[in-house]
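The data block below is run.cif; it holds mmCIF, N, CA and C atoms.
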data_my_file
#
loop_
_atom_site.label_atom_id
_atom_site.label_comp_id
_atom_site.auth_asym_id
_atom_site.auth_seq_id
_atom_site.Cartn_x
_atom_site.Cartn_y
_atom_site.Cartn_z
N MET A 1 -10.96 -28.22 -54.35
CA MET A 1 -9.78 -27.73 -53.67
C MET A 1 -10.20 -26.99 -52.41
N LYS A 2 -9.49 -27.23 -51.31
CA LYS A 2 -9.77 -26.59 -50.02
C LYS A 2 -8.59 -25.70 -49.65
N ILE A 3 -8.91 -24.46 -49.25
CA ILE A 3 -7.90 -23.46 -48.93
C ILE A 3 -8.17 -22.92 -47.53
N CYS A 4 -7.11 -22.57 -46.82
CA CYS A 4 -7.24 -21.91 -45.52
C CYS A 4 -6.54 -20.57 -45.56
N ILE A 5 -7.27 -19.53 -45.16
CA ILE A 5 -6.70 -18.19 -45.00
C ILE A 5 -6.50 -17.96 -43.52
N ILE A 6 -5.29 -17.61 -43.13
CA ILE A 6 -5.01 -17.21 -41.75
C ILE A 6 -4.78 -15.71 -41.78
N ALA A 7 -5.64 -14.96 -41.11
CA ALA A 7 -5.60 -13.50 -41.21
C ALA A 7 -5.63 -12.83 -39.85
N SER A 8 -4.92 -11.75 -39.78
CA SER A 8 -4.85 -10.91 -38.58
C SER A 8 -6.12 -10.07 -38.44
N ARG A 9 -6.51 -9.78 -37.21
CA ARG A 9 -7.60 -8.83 -36.96
C ARG A 9 -7.07 -7.40 -36.85
N PHE A 10 -5.78 -7.24 -36.62
CA PHE A 10 -5.19 -5.91 -36.48
C PHE A 10 -5.16 -5.21 -37.84
N ASN A 11 -5.34 -3.91 -37.85
CA ASN A 11 -5.46 -3.13 -39.09
C ASN A 11 -6.61 -3.67 -39.95
N GLU A 12 -7.74 -3.85 -39.30
CA GLU A 12 -8.91 -4.52 -39.86
C GLU A 12 -9.35 -4.02 -41.24
N PRO A 13 -9.48 -2.72 -41.49
CA PRO A 13 -9.97 -2.32 -42.82
C PRO A 13 -9.06 -2.79 -43.96
N ILE A 14 -7.77 -2.71 -43.75
CA ILE A 14 -6.81 -3.15 -44.76
C ILE A 14 -6.89 -4.66 -44.92
N VAL A 15 -6.85 -5.38 -43.82
CA VAL A 15 -6.86 -6.84 -43.85
C VAL A 15 -8.16 -7.36 -44.49
N SER A 16 -9.28 -6.75 -44.18
CA SER A 16 -10.55 -7.16 -44.79
C SER A 16 -10.51 -7.02 -46.30
N ASN A 17 -9.92 -5.94 -46.79
CA ASN A 17 -9.79 -5.76 -48.24
C ASN A 17 -8.87 -6.82 -48.85
N LEU A 18 -7.81 -7.17 -48.14
CA LEU A 18 -6.90 -8.20 -48.64
C LEU A 18 -7.58 -9.57 -48.68
N ILE A 19 -8.38 -9.85 -47.66
CA ILE A 19 -9.15 -11.10 -47.65
C ILE A 19 -10.12 -11.12 -48.83
N GLU A 20 -10.80 -10.01 -49.04
CA GLU A 20 -11.72 -9.91 -50.19
C GLU A 20 -10.98 -10.15 -51.50
N GLY A 21 -9.76 -9.62 -51.60
CA GLY A 21 -8.95 -9.86 -52.79
C GLY A 21 -8.60 -11.32 -52.98
N ALA A 22 -8.25 -12.00 -51.88
CA ALA A 22 -7.93 -13.42 -51.96
C ALA A 22 -9.16 -14.22 -52.41
N TYR A 23 -10.30 -13.93 -51.81
CA TYR A 23 -11.54 -14.60 -52.22
C TYR A 23 -11.82 -14.38 -53.71
N ALA A 24 -11.61 -13.15 -54.19
CA ALA A 24 -11.87 -12.83 -55.60
C ALA A 24 -10.99 -13.66 -56.52
N ALA A 25 -9.71 -13.77 -56.19
CA ALA A 25 -8.79 -14.56 -57.02
C ALA A 25 -9.16 -16.04 -57.00
N LEU A 26 -9.52 -16.53 -55.83
CA LEU A 26 -9.90 -17.94 -55.72
C LEU A 26 -11.17 -18.22 -56.53
N GLN A 27 -12.15 -17.33 -56.40
CA GLN A 27 -13.39 -17.50 -57.15
C GLN A 27 -13.14 -17.45 -58.65
N THR A 28 -12.29 -16.53 -59.09
CA THR A 28 -11.93 -16.42 -60.50
C THR A 28 -11.32 -17.72 -61.02
N ASN A 29 -10.71 -18.47 -60.12
CA ASN A 29 -10.07 -19.73 -60.50
C ASN A 29 -10.91 -20.95 -60.11
N GLY A 30 -12.19 -20.76 -59.92
CA GLY A 30 -13.11 -21.86 -59.72
C GLY A 30 -13.21 -22.43 -58.33
N ILE A 31 -12.71 -21.72 -57.33
CA ILE A 31 -12.79 -22.21 -55.95
C ILE A 31 -13.89 -21.44 -55.23
N ALA A 32 -14.94 -22.16 -54.84
CA ALA A 32 -16.09 -21.55 -54.19
C ALA A 32 -15.74 -21.11 -52.77
N LYS A 33 -16.41 -20.06 -52.31
CA LYS A 33 -16.15 -19.51 -50.98
C LYS A 33 -16.35 -20.55 -49.88
N GLU A 34 -17.28 -21.47 -50.08
CA GLU A 34 -17.52 -22.50 -49.06
C GLU A 34 -16.36 -23.49 -48.96
N ASN A 35 -15.44 -23.46 -49.89
CA ASN A 35 -14.24 -24.31 -49.82
C ASN A 35 -13.03 -23.57 -49.25
N VAL A 36 -13.30 -22.40 -48.69
CA VAL A 36 -12.23 -21.59 -48.10
C VAL A 36 -12.55 -21.37 -46.62
N SER A 37 -11.63 -21.77 -45.76
CA SER A 37 -11.77 -21.53 -44.32
C SER A 37 -11.02 -20.25 -43.97
N LEU A 38 -11.58 -19.48 -43.08
CA LEU A 38 -10.94 -18.26 -42.61
C LEU A 38 -10.69 -18.39 -41.11
N VAL A 39 -9.42 -18.32 -40.73
CA VAL A 39 -9.02 -18.38 -39.32
C VAL A 39 -8.47 -17.01 -38.97
N ARG A 40 -9.03 -16.37 -37.95
CA ARG A 40 -8.58 -15.04 -37.54
C ARG A 40 -7.72 -15.15 -36.28
N VAL A 41 -6.62 -14.41 -36.28
CA VAL A 41 -5.72 -14.32 -35.13
C VAL A 41 -5.61 -12.85 -34.73
N PRO A 42 -5.15 -12.56 -33.51
CA PRO A 42 -5.12 -11.16 -33.06
C PRO A 42 -4.30 -10.21 -33.94
N GLY A 43 -3.09 -10.62 -34.28
CA GLY A 43 -2.22 -9.73 -35.05
C GLY A 43 -1.31 -10.54 -35.96
N ALA A 44 -0.48 -9.84 -36.72
CA ALA A 44 0.44 -10.51 -37.64
C ALA A 44 1.41 -11.42 -36.90
N PHE A 45 1.80 -11.03 -35.70
CA PHE A 45 2.75 -11.81 -34.92
C PHE A 45 2.23 -13.22 -34.63
N GLU A 46 0.92 -13.37 -34.54
CA GLU A 46 0.32 -14.66 -34.21
C GLU A 46 0.08 -15.56 -35.44
N ILE A 47 0.24 -15.03 -36.63
CA ILE A 47 0.01 -15.83 -37.83
C ILE A 47 0.94 -17.04 -37.90
N PRO A 48 2.25 -16.89 -37.69
CA PRO A 48 3.13 -18.06 -37.82
C PRO A 48 2.81 -19.21 -36.86
N VAL A 49 2.44 -18.91 -35.63
CA VAL A 49 2.16 -20.00 -34.69
C VAL A 49 0.90 -20.76 -35.11
N MET A 50 -0.09 -20.05 -35.64
CA MET A 50 -1.29 -20.73 -36.12
C MET A 50 -0.97 -21.58 -37.35
N LEU A 51 -0.18 -21.03 -38.26
CA LEU A 51 0.23 -21.77 -39.44
C LEU A 51 0.99 -23.03 -39.05
N LYS A 52 1.92 -22.90 -38.13
CA LYS A 52 2.72 -24.06 -37.70
C LYS A 52 1.84 -25.11 -37.03
N LYS A 53 0.90 -24.66 -36.19
CA LYS A 53 0.01 -25.61 -35.52
C LYS A 53 -0.80 -26.40 -36.55
N MET A 54 -1.32 -25.71 -37.56
CA MET A 54 -2.11 -26.38 -38.58
C MET A 54 -1.26 -27.34 -39.40
N CYS A 55 -0.03 -26.96 -39.67
CA CYS A 55 0.88 -27.85 -40.39
C CYS A 55 1.27 -29.04 -39.53
N SER A 56 1.50 -28.81 -38.23
CA SER A 56 1.87 -29.89 -37.32
C SER A 56 0.75 -30.91 -37.18
N LEU A 57 -0.49 -30.45 -37.29
CA LEU A 57 -1.64 -31.36 -37.25
C LEU A 57 -1.83 -32.07 -38.58
N ASN A 58 -0.95 -31.77 -39.52
CA ASN A 58 -0.96 -32.37 -40.86
C ASN A 58 -2.22 -32.02 -41.65
N LEU A 59 -2.79 -30.86 -41.36
CA LEU A 59 -4.02 -30.46 -42.04
C LEU A 59 -3.79 -30.18 -43.52
N VAL A 60 -2.56 -29.79 -43.89
CA VAL A 60 -2.31 -29.49 -45.30
C VAL A 60 -2.37 -30.76 -46.14
N LYS A 61 -2.04 -31.88 -45.59
CA LYS A 61 -2.11 -33.13 -46.34
C LYS A 61 -3.51 -33.77 -46.24
N LYS A 62 -4.15 -33.62 -45.07
CA LYS A 62 -5.44 -34.27 -44.84
C LYS A 62 -6.62 -33.45 -45.35
N TYR A 63 -6.52 -32.12 -45.27
CA TYR A 63 -7.70 -31.32 -45.54
C TYR A 63 -7.45 -30.16 -46.48
N TYR A 64 -6.41 -29.37 -46.22
CA TYR A 64 -6.17 -28.17 -47.02
C TYR A 64 -5.15 -28.43 -48.11
N ASP A 65 -5.40 -27.83 -49.26
CA ASP A 65 -4.44 -27.90 -50.36
C ASP A 65 -3.42 -26.78 -50.29
N GLY A 66 -3.75 -25.69 -49.60
CA GLY A 66 -2.83 -24.57 -49.48
C GLY A 66 -3.32 -23.55 -48.47
N PHE A 67 -2.41 -22.65 -48.11
CA PHE A 67 -2.69 -21.61 -47.13
C PHE A 67 -2.37 -20.23 -47.71
N ILE A 68 -3.09 -19.24 -47.21
CA ILE A 68 -2.78 -17.84 -47.52
C ILE A 68 -2.67 -17.13 -46.17
N THR A 69 -1.57 -16.44 -45.95
CA THR A 69 -1.39 -15.67 -44.72
C THR A 69 -1.61 -14.20 -45.05
N ILE A 70 -2.47 -13.54 -44.26
CA ILE A 70 -2.83 -12.16 -44.53
C ILE A 70 -2.72 -11.33 -43.25
N GLY A 71 -2.00 -10.22 -43.35
CA GLY A 71 -1.87 -9.28 -42.24
C GLY A 71 -1.34 -7.96 -42.74
N CYS A 72 -1.19 -7.03 -41.82
CA CYS A 72 -0.68 -5.72 -42.18
C CYS A 72 0.02 -5.09 -40.98
N VAL A 73 1.28 -4.75 -41.17
CA VAL A 73 2.07 -4.07 -40.15
C VAL A 73 2.46 -2.71 -40.73
N ILE A 74 2.11 -1.64 -40.01
CA ILE A 74 2.40 -0.28 -40.46
C ILE A 74 3.37 0.35 -39.48
N LYS A 75 4.41 0.96 -40.00
CA LYS A 75 5.46 1.55 -39.18
C LYS A 75 4.90 2.65 -38.29
N GLY A 76 5.32 2.61 -37.06
CA GLY A 76 4.96 3.66 -36.10
C GLY A 76 6.21 4.42 -35.70
N GLU A 77 6.23 4.89 -34.47
CA GLU A 77 7.34 5.72 -34.00
C GLU A 77 8.43 4.93 -33.30
N THR A 78 8.24 3.61 -33.16
CA THR A 78 9.23 2.81 -32.44
C THR A 78 9.78 1.71 -33.33
N ALA A 79 10.70 0.93 -32.80
CA ALA A 79 11.31 -0.17 -33.54
C ALA A 79 10.39 -1.40 -33.61
N HIS A 80 9.25 -1.34 -32.99
CA HIS A 80 8.29 -2.45 -32.98
C HIS A 80 8.04 -2.98 -34.39
N PHE A 81 7.89 -2.09 -35.35
CA PHE A 81 7.63 -2.45 -36.75
C PHE A 81 8.68 -3.42 -37.28
N GLU A 82 9.95 -3.10 -37.06
CA GLU A 82 11.03 -3.93 -37.57
C GLU A 82 11.03 -5.31 -36.92
N TYR A 83 10.84 -5.35 -35.60
CA TYR A 83 10.85 -6.63 -34.91
C TYR A 83 9.71 -7.53 -35.36
N ILE A 84 8.52 -6.97 -35.44
CA ILE A 84 7.35 -7.76 -35.85
C ILE A 84 7.51 -8.21 -37.30
N SER A 85 7.83 -7.27 -38.19
CA SER A 85 7.94 -7.60 -39.62
C SER A 85 8.96 -8.70 -39.86
N ASN A 86 10.15 -8.53 -39.32
CA ASN A 86 11.21 -9.53 -39.51
C ASN A 86 10.82 -10.90 -38.96
N SER A 87 10.26 -10.91 -37.76
CA SER A 87 9.88 -12.17 -37.13
C SER A 87 8.81 -12.90 -37.93
N VAL A 88 7.80 -12.17 -38.36
CA VAL A 88 6.70 -12.79 -39.10
C VAL A 88 7.18 -13.34 -40.44
N VAL A 89 7.93 -12.54 -41.18
CA VAL A 89 8.41 -12.98 -42.50
C VAL A 89 9.31 -14.20 -42.36
N GLU A 90 10.27 -14.15 -41.45
CA GLU A 90 11.19 -15.26 -41.28
C GLU A 90 10.48 -16.53 -40.80
N SER A 91 9.55 -16.38 -39.88
CA SER A 91 8.85 -17.54 -39.34
C SER A 91 7.96 -18.20 -40.38
N ILE A 92 7.19 -17.41 -41.12
CA ILE A 92 6.32 -17.98 -42.15
C ILE A 92 7.16 -18.65 -43.23
N ASN A 93 8.23 -18.03 -43.62
CA ASN A 93 9.11 -18.63 -44.64
C ASN A 93 9.67 -19.97 -44.14
N LYS A 94 10.11 -20.02 -42.91
CA LYS A 94 10.67 -21.25 -42.35
C LYS A 94 9.63 -22.36 -42.30
N ILE A 95 8.41 -22.02 -41.89
CA ILE A 95 7.34 -23.02 -41.79
C ILE A 95 6.98 -23.54 -43.18
N SER A 96 6.85 -22.64 -44.12
CA SER A 96 6.53 -23.03 -45.50
C SER A 96 7.58 -23.97 -46.06
N TYR A 97 8.83 -23.65 -45.83
CA TYR A 97 9.94 -24.47 -46.31
C TYR A 97 9.97 -25.82 -45.59
N GLU A 98 9.84 -25.79 -44.26
CA GLU A 98 9.92 -27.00 -43.46
C GLU A 98 8.82 -28.00 -43.83
N PHE A 99 7.60 -27.52 -44.01
CA PHE A 99 6.48 -28.40 -44.27
C PHE A 99 6.16 -28.55 -45.76
N GLU A 100 6.88 -27.83 -46.61
CA GLU A 100 6.69 -27.87 -48.06
C GLU A 100 5.23 -27.62 -48.43
N ILE A 101 4.67 -26.54 -47.91
CA ILE A 101 3.27 -26.24 -48.15
C ILE A 101 3.10 -25.17 -49.22
N PRO A 102 2.08 -25.30 -50.03
CA PRO A 102 1.74 -24.22 -50.95
C PRO A 102 1.22 -23.03 -50.13
N LEU A 103 1.88 -21.90 -50.28
CA LEU A 103 1.57 -20.75 -49.43
C LEU A 103 1.53 -19.48 -50.24
N GLY A 104 0.50 -18.69 -50.01
CA GLY A 104 0.44 -17.33 -50.53
C GLY A 104 0.72 -16.39 -49.38
N PHE A 105 1.76 -15.59 -49.51
CA PHE A 105 2.18 -14.69 -48.42
C PHE A 105 1.66 -13.28 -48.70
N CYS A 106 0.87 -12.77 -47.77
CA CYS A 106 0.33 -11.42 -47.91
C CYS A 106 0.30 -10.73 -46.56
N VAL A 107 1.46 -10.53 -45.99
CA VAL A 107 1.56 -9.71 -44.78
C VAL A 107 2.24 -8.43 -45.22
N LEU A 108 1.44 -7.38 -45.37
CA LEU A 108 1.99 -6.10 -45.81
C LEU A 108 2.87 -5.52 -44.72
N THR A 109 3.99 -4.95 -45.11
CA THR A 109 4.87 -4.22 -44.20
C THR A 109 5.08 -2.85 -44.83
N CYS A 110 4.28 -1.90 -44.38
CA CYS A 110 4.22 -0.59 -45.02
C CYS A 110 4.70 0.51 -44.07
N PHE A 111 5.24 1.57 -44.66
CA PHE A 111 5.68 2.71 -43.88
C PHE A 111 4.54 3.63 -43.50
N THR A 112 3.46 3.63 -44.31
CA THR A 112 2.34 4.55 -44.06
C THR A 112 1.01 3.83 -44.28
N PRO A 113 -0.05 4.32 -43.66
CA PRO A 113 -1.38 3.77 -43.94
C PRO A 113 -1.75 3.91 -45.42
N GLN A 114 -1.32 4.97 -46.06
CA GLN A 114 -1.62 5.17 -47.48
C GLN A 114 -1.01 4.05 -48.33
N GLN A 115 0.22 3.66 -48.03
CA GLN A 115 0.84 2.56 -48.76
C GLN A 115 0.04 1.27 -48.59
N ALA A 116 -0.44 1.02 -47.38
CA ALA A 116 -1.25 -0.18 -47.12
C ALA A 116 -2.55 -0.12 -47.91
N TYR A 117 -3.19 1.03 -47.90
CA TYR A 117 -4.43 1.19 -48.65
C TYR A 117 -4.21 0.92 -50.14
N GLU A 118 -3.14 1.47 -50.69
CA GLU A 118 -2.86 1.32 -52.13
C GLU A 118 -2.60 -0.13 -52.53
N ARG A 119 -2.28 -0.98 -51.57
CA ARG A 119 -2.02 -2.38 -51.85
C ARG A 119 -3.22 -3.27 -51.52
N SER A 120 -4.33 -2.64 -51.14
CA SER A 120 -5.50 -3.42 -50.72
C SER A 120 -6.81 -2.87 -51.29
N ILE A 121 -6.74 -2.28 -52.46
CA ILE A 121 -7.92 -1.66 -53.07
C ILE A 121 -8.92 -2.73 -53.50
N VAL A 122 -10.20 -2.43 -53.33
CA VAL A 122 -11.27 -3.28 -53.84
C VAL A 122 -12.17 -2.42 -54.71
N PRO A 123 -12.77 -2.93 -55.79
CA PRO A 123 -12.72 -4.34 -56.17
C PRO A 123 -11.30 -4.77 -56.52
N ALA A 124 -11.02 -5.99 -56.17
CA ALA A 124 -9.66 -6.50 -56.23
C ALA A 124 -9.30 -7.04 -57.60
N GLU A 125 -8.09 -6.70 -58.00
CA GLU A 125 -7.46 -7.26 -59.19
C GLU A 125 -5.99 -7.45 -58.85
N ILE A 126 -5.27 -8.14 -59.69
CA ILE A 126 -3.86 -8.41 -59.40
C ILE A 126 -3.05 -7.12 -59.31
N GLU A 127 -3.46 -6.09 -60.02
CA GLU A 127 -2.69 -4.84 -60.04
C GLU A 127 -2.87 -4.01 -58.77
N ASN A 128 -3.93 -4.23 -58.00
CA ASN A 128 -4.21 -3.32 -56.90
C ASN A 128 -4.48 -3.99 -55.56
N ASN A 129 -4.32 -5.30 -55.47
CA ASN A 129 -4.65 -5.96 -54.22
C ASN A 129 -3.70 -7.14 -54.01
N LYS A 130 -2.88 -7.03 -52.97
CA LYS A 130 -1.88 -8.06 -52.70
C LYS A 130 -2.51 -9.37 -52.21
N GLY A 131 -3.73 -9.33 -51.67
CA GLY A 131 -4.43 -10.55 -51.31
C GLY A 131 -4.77 -11.37 -52.54
N PHE A 132 -5.21 -10.69 -53.60
CA PHE A 132 -5.48 -11.32 -54.88
C PHE A 132 -4.21 -11.97 -55.41
N GLU A 133 -3.12 -11.21 -55.38
CA GLU A 133 -1.83 -11.69 -55.87
C GLU A 133 -1.34 -12.90 -55.07
N ALA A 134 -1.49 -12.87 -53.75
CA ALA A 134 -1.04 -13.98 -52.90
C ALA A 134 -1.83 -15.25 -53.19
N ALA A 135 -3.13 -15.11 -53.43
CA ALA A 135 -3.96 -16.28 -53.75
C ALA A 135 -3.50 -16.92 -55.06
N LEU A 136 -3.18 -16.09 -56.05
CA LEU A 136 -2.69 -16.62 -57.32
C LEU A 136 -1.36 -17.34 -57.15
N ALA A 137 -0.47 -16.77 -56.33
CA ALA A 137 0.83 -17.41 -56.08
C ALA A 137 0.63 -18.76 -55.40
N MET A 138 -0.29 -18.83 -54.43
CA MET A 138 -0.55 -20.09 -53.75
C MET A 138 -1.10 -21.13 -54.72
N LEU A 139 -2.01 -20.73 -55.58
CA LEU A 139 -2.57 -21.67 -56.57
C LEU A 139 -1.47 -22.20 -57.49
N GLU A 140 -0.57 -21.34 -57.89
CA GLU A 140 0.53 -21.79 -58.74
C GLU A 140 1.43 -22.78 -57.99
N MET A 141 1.68 -22.51 -56.72
CA MET A 141 2.52 -23.42 -55.93
C MET A 141 1.83 -24.76 -55.68
N ILE A 142 0.51 -24.75 -55.54
CA ILE A 142 -0.21 -26.02 -55.42
C ILE A 142 0.09 -26.88 -56.65
N HIS A 143 -0.02 -26.26 -57.81
CA HIS A 143 0.26 -26.98 -59.05
C HIS A 143 1.72 -27.45 -59.12
N LEU A 144 2.64 -26.55 -58.82
CA LEU A 144 4.06 -26.88 -58.94
C LEU A 144 4.50 -27.96 -57.95
N LEU A 145 3.99 -27.88 -56.73
CA LEU A 145 4.39 -28.87 -55.71
C LEU A 145 3.74 -30.23 -55.93
N ASN A 146 2.70 -30.29 -56.75
CA ASN A 146 2.04 -31.56 -57.03
C ASN A 146 2.50 -32.21 -58.32
N ILE A 147 3.49 -31.62 -58.97
CA ILE A 147 4.05 -32.22 -60.18
C ILE A 147 4.83 -33.48 -59.77
N LYS A 148 4.54 -34.54 -60.43
CA LYS A 148 5.19 -35.81 -60.07
C LYS A 148 6.29 -36.13 -61.05
#

Write-out of the structure in structure tokens:
Amino acid sequence: MKICIIASRFNEPIVSNLIEGAYAALQTNGIAKENVSLVRVPGAFEIPVMLKKMCSLNLVKKYYDGFITIGCVIKGETAHFEYISNSVVESINKISYEFEIPLGFCVLTCFTPQQAYERSIVPAEIENNKGFEAALAMLEMIHLLNIK
């Protein structure tokens, strides 16, 4: 099985922990790290365009069995948080639906850095790392979407 993780570079410590969580879940389910591609984009806002480009190239049918999107948006003092969060969530959902791709969604939208940290603890388990949880959801969707 081949998986692609599309991850933001923004909020790097949190995102790195989420990526580690995704790798842990995949490894627990028999997927070796060499079968996982990691594509980094500048921020959460850029995740949907990369996902759409990869889907438009038909990579999910030719090469990847599923995708995991990973990022972290933390509320600041302006409305920027709401605009970014809403746009990213709606765009990724639309792309997933349009292309019928198995997707694990892990773009944290937190009010505080502490909330983000609490959702990205390592060593990763399903109870403490949303990257781990997103990888498991994607694996389940791979199975469900391949039922004939």

Stretch 76-89 of chain A: which residues within 8 Å, counting only N, CA and C atoms, same-chain residues fewer than 5 positions away excluded, as a ChimeraX atom specification? /A:44-48,94-95,107-112

Provide an axis-aligned box for all listed atoms of stretch 97-101 of chain A, padding each side by 4 Å; report its centre and its edge lengths in Å to one decimal, as JSON.
{"center_x": 6.5, "center_y": -26.1, "center_z": -46.3, "size_x": 14.9, "size_y": 12.9, "size_z": 13.8}

Residues returned when the PyMOL selection byres (((chain A and resi 55 and name CA) around 12) and name CA) runs on this file, as a count of residues only: 31

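The residues caught by the PyMOL selection byres (((chain A and resi 22 and name CA) around 8) and name CA) in this file are Leu18, Ile19, Glu20, Gly21, Tyr23, Ala24, Ala25, Leu26, Gly131, Phe132, Glu133, Ala134 and Ala135 of chain A.
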
Can you list, as a PyMOL selection string, every protein, DNA or RNA residue that comes within 7 Å of A:Ser120 when you count only C-alpha atoms, leaving out same-chain residues fewer than 6 positions away? chain A and resi 14+17-18+128-130

Apply the PyMOL selection byres (((chain A and resi 41 and name CA) around 7) and name CA) to the file shown and report the selected residues as a PyMOL selection string. chain A and resi 7-9+39-40+42-43+46-47

Can you check which residues of stretch 27-131 of chain A DSSP gives as strand (DSSP E) on the backbone and send them as a list of chain:residue names?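 Matching residues, listed in order: A:Val36, A:Ser37, A:Leu38, A:Val39, A:Arg40, A:Val41, A:Gly66, A:Phe67, A:Ile68, A:Thr69, A:Ile70, A:Gly71, A:Cys72, A:Val73, A:Ile74, A:Leu103, A:Gly104, A:Phe105, A:Cys106, A:Val107, A:Leu108, A:Thr109, A:Cys110.
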
Write out, as a compact mmCIF listing (two decimals), in the frame of the given file, the residues just selected, with N, CA and C atoms.
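Saved result, selection04.txt, follows:
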# COMPACT_ATOMS: atom_id res chain seq x y z
N VAL A 36 -13.30 -22.40 -48.69
CA VAL A 36 -12.23 -21.59 -48.10
C VAL A 36 -12.55 -21.37 -46.62
N SER A 37 -11.63 -21.77 -45.76
CA SER A 37 -11.77 -21.53 -44.32
C SER A 37 -11.02 -20.25 -43.97
N LEU A 38 -11.58 -19.48 -43.08
CA LEU A 38 -10.94 -18.26 -42.61
C LEU A 38 -10.69 -18.39 -41.11
N VAL A 39 -9.42 -18.32 -40.73
CA VAL A 39 -9.02 -18.38 -39.32
C VAL A 39 -8.47 -17.01 -38.97
N ARG A 40 -9.03 -16.37 -37.95
CA ARG A 40 -8.58 -15.04 -37.54
C ARG A 40 -7.72 -15.15 -36.28
N VAL A 41 -6.62 -14.41 -36.28
CA VAL A 41 -5.72 -14.32 -35.13
C VAL A 41 -5.61 -12.85 -34.73
N GLY A 66 -3.75 -25.69 -49.60
CA GLY A 66 -2.83 -24.57 -49.48
C GLY A 66 -3.32 -23.55 -48.47
N PHE A 67 -2.41 -22.65 -48.11
CA PHE A 67 -2.69 -21.61 -47.13
C PHE A 67 -2.37 -20.23 -47.71
N ILE A 68 -3.09 -19.24 -47.21
CA ILE A 68 -2.78 -17.84 -47.52
C ILE A 68 -2.67 -17.13 -46.17
N THR A 69 -1.57 -16.44 -45.95
CA THR A 69 -1.39 -15.67 -44.72
C THR A 69 -1.61 -14.20 -45.05
N ILE A 70 -2.47 -13.54 -44.26
CA ILE A 70 -2.83 -12.16 -44.53
C ILE A 70 -2.72 -11.33 -43.25
N GLY A 71 -2.00 -10.22 -43.35
CA GLY A 71 -1.87 -9.28 -42.24
C GLY A 71 -1.34 -7.96 -42.74
N CYS A 72 -1.19 -7.03 -41.82
CA CYS A 72 -0.68 -5.72 -42.18
C CYS A 72 0.02 -5.09 -40.98
N VAL A 73 1.28 -4.75 -41.17
CA VAL A 73 2.07 -4.07 -40.15
C VAL A 73 2.46 -2.71 -40.73
N ILE A 74 2.11 -1.64 -40.01
CA ILE A 74 2.40 -0.28 -40.46
C ILE A 74 3.37 0.35 -39.48
N LEU A 103 1.88 -21.90 -50.28
CA LEU A 103 1.57 -20.75 -49.43
C LEU A 103 1.53 -19.48 -50.24
N GLY A 104 0.50 -18.69 -50.01
CA GLY A 104 0.44 -17.33 -50.53
C GLY A 104 0.72 -16.39 -49.38
N PHE A 105 1.76 -15.59 -49.51
CA PHE A 105 2.18 -14.69 -48.42
C PHE A 105 1.66 -13.28 -48.70
N CYS A 106 0.87 -12.77 -47.77
CA CYS A 106 0.33 -11.42 -47.91
C CYS A 106 0.30 -10.73 -46.56
N VAL A 107 1.46 -10.53 -45.99
CA VAL A 107 1.56 -9.71 -44.78
C VAL A 107 2.24 -8.43 -45.22
N LEU A 108 1.44 -7.38 -45.37
CA LEU A 108 1.99 -6.10 -45.81
C LEU A 108 2.87 -5.52 -44.72
N THR A 109 3.99 -4.95 -45.11
CA THR A 109 4.87 -4.22 -44.20
C THR A 109 5.08 -2.85 -44.83
N CYS A 110 4.28 -1.90 -44.38
CA CYS A 110 4.22 -0.59 -45.02
C CYS A 110 4.70 0.51 -44.07

With distances taken over only C-alpha atoms, the candidate from A:Glu34, A:Glu140, A:Glu125, A:Glu12 nearest A:Gly71 is A:Glu12

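For the pair atom CA of A:Lys2 and atom CA of A:Gly30, the interatomic distance is 11.3 Å.
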
To one decimal place in Å, what is the distance between atom C of A:Asn35 and atom CA of A:Phe105?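 Spanning atom C of A:Asn35 to atom CA of A:Phe105 is a straight-line distance of 17.6 Å.
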
Two-atom distance - atom CA of A:Gln115, atom CA of A:Val36 (Å):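 So the two atoms, atom CA of A:Gln115 and atom CA of A:Val36, lie 27.5 Å apart.
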
Taking into account only N, CA and C atoms, which residue in the set A:Asn11, A:Ile126, A:Ile70, A:Gly104 is nearest to A:Leu139?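 Going through A:Asn11, A:Ile126, A:Ile70, A:Gly104 one by one, the smallest distance to A:Leu139 is for A:Gly104.
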
Among chain A, which residues carry a DSSP assignment of alpha helix (DSSP H), reported as a count of residues only? 73
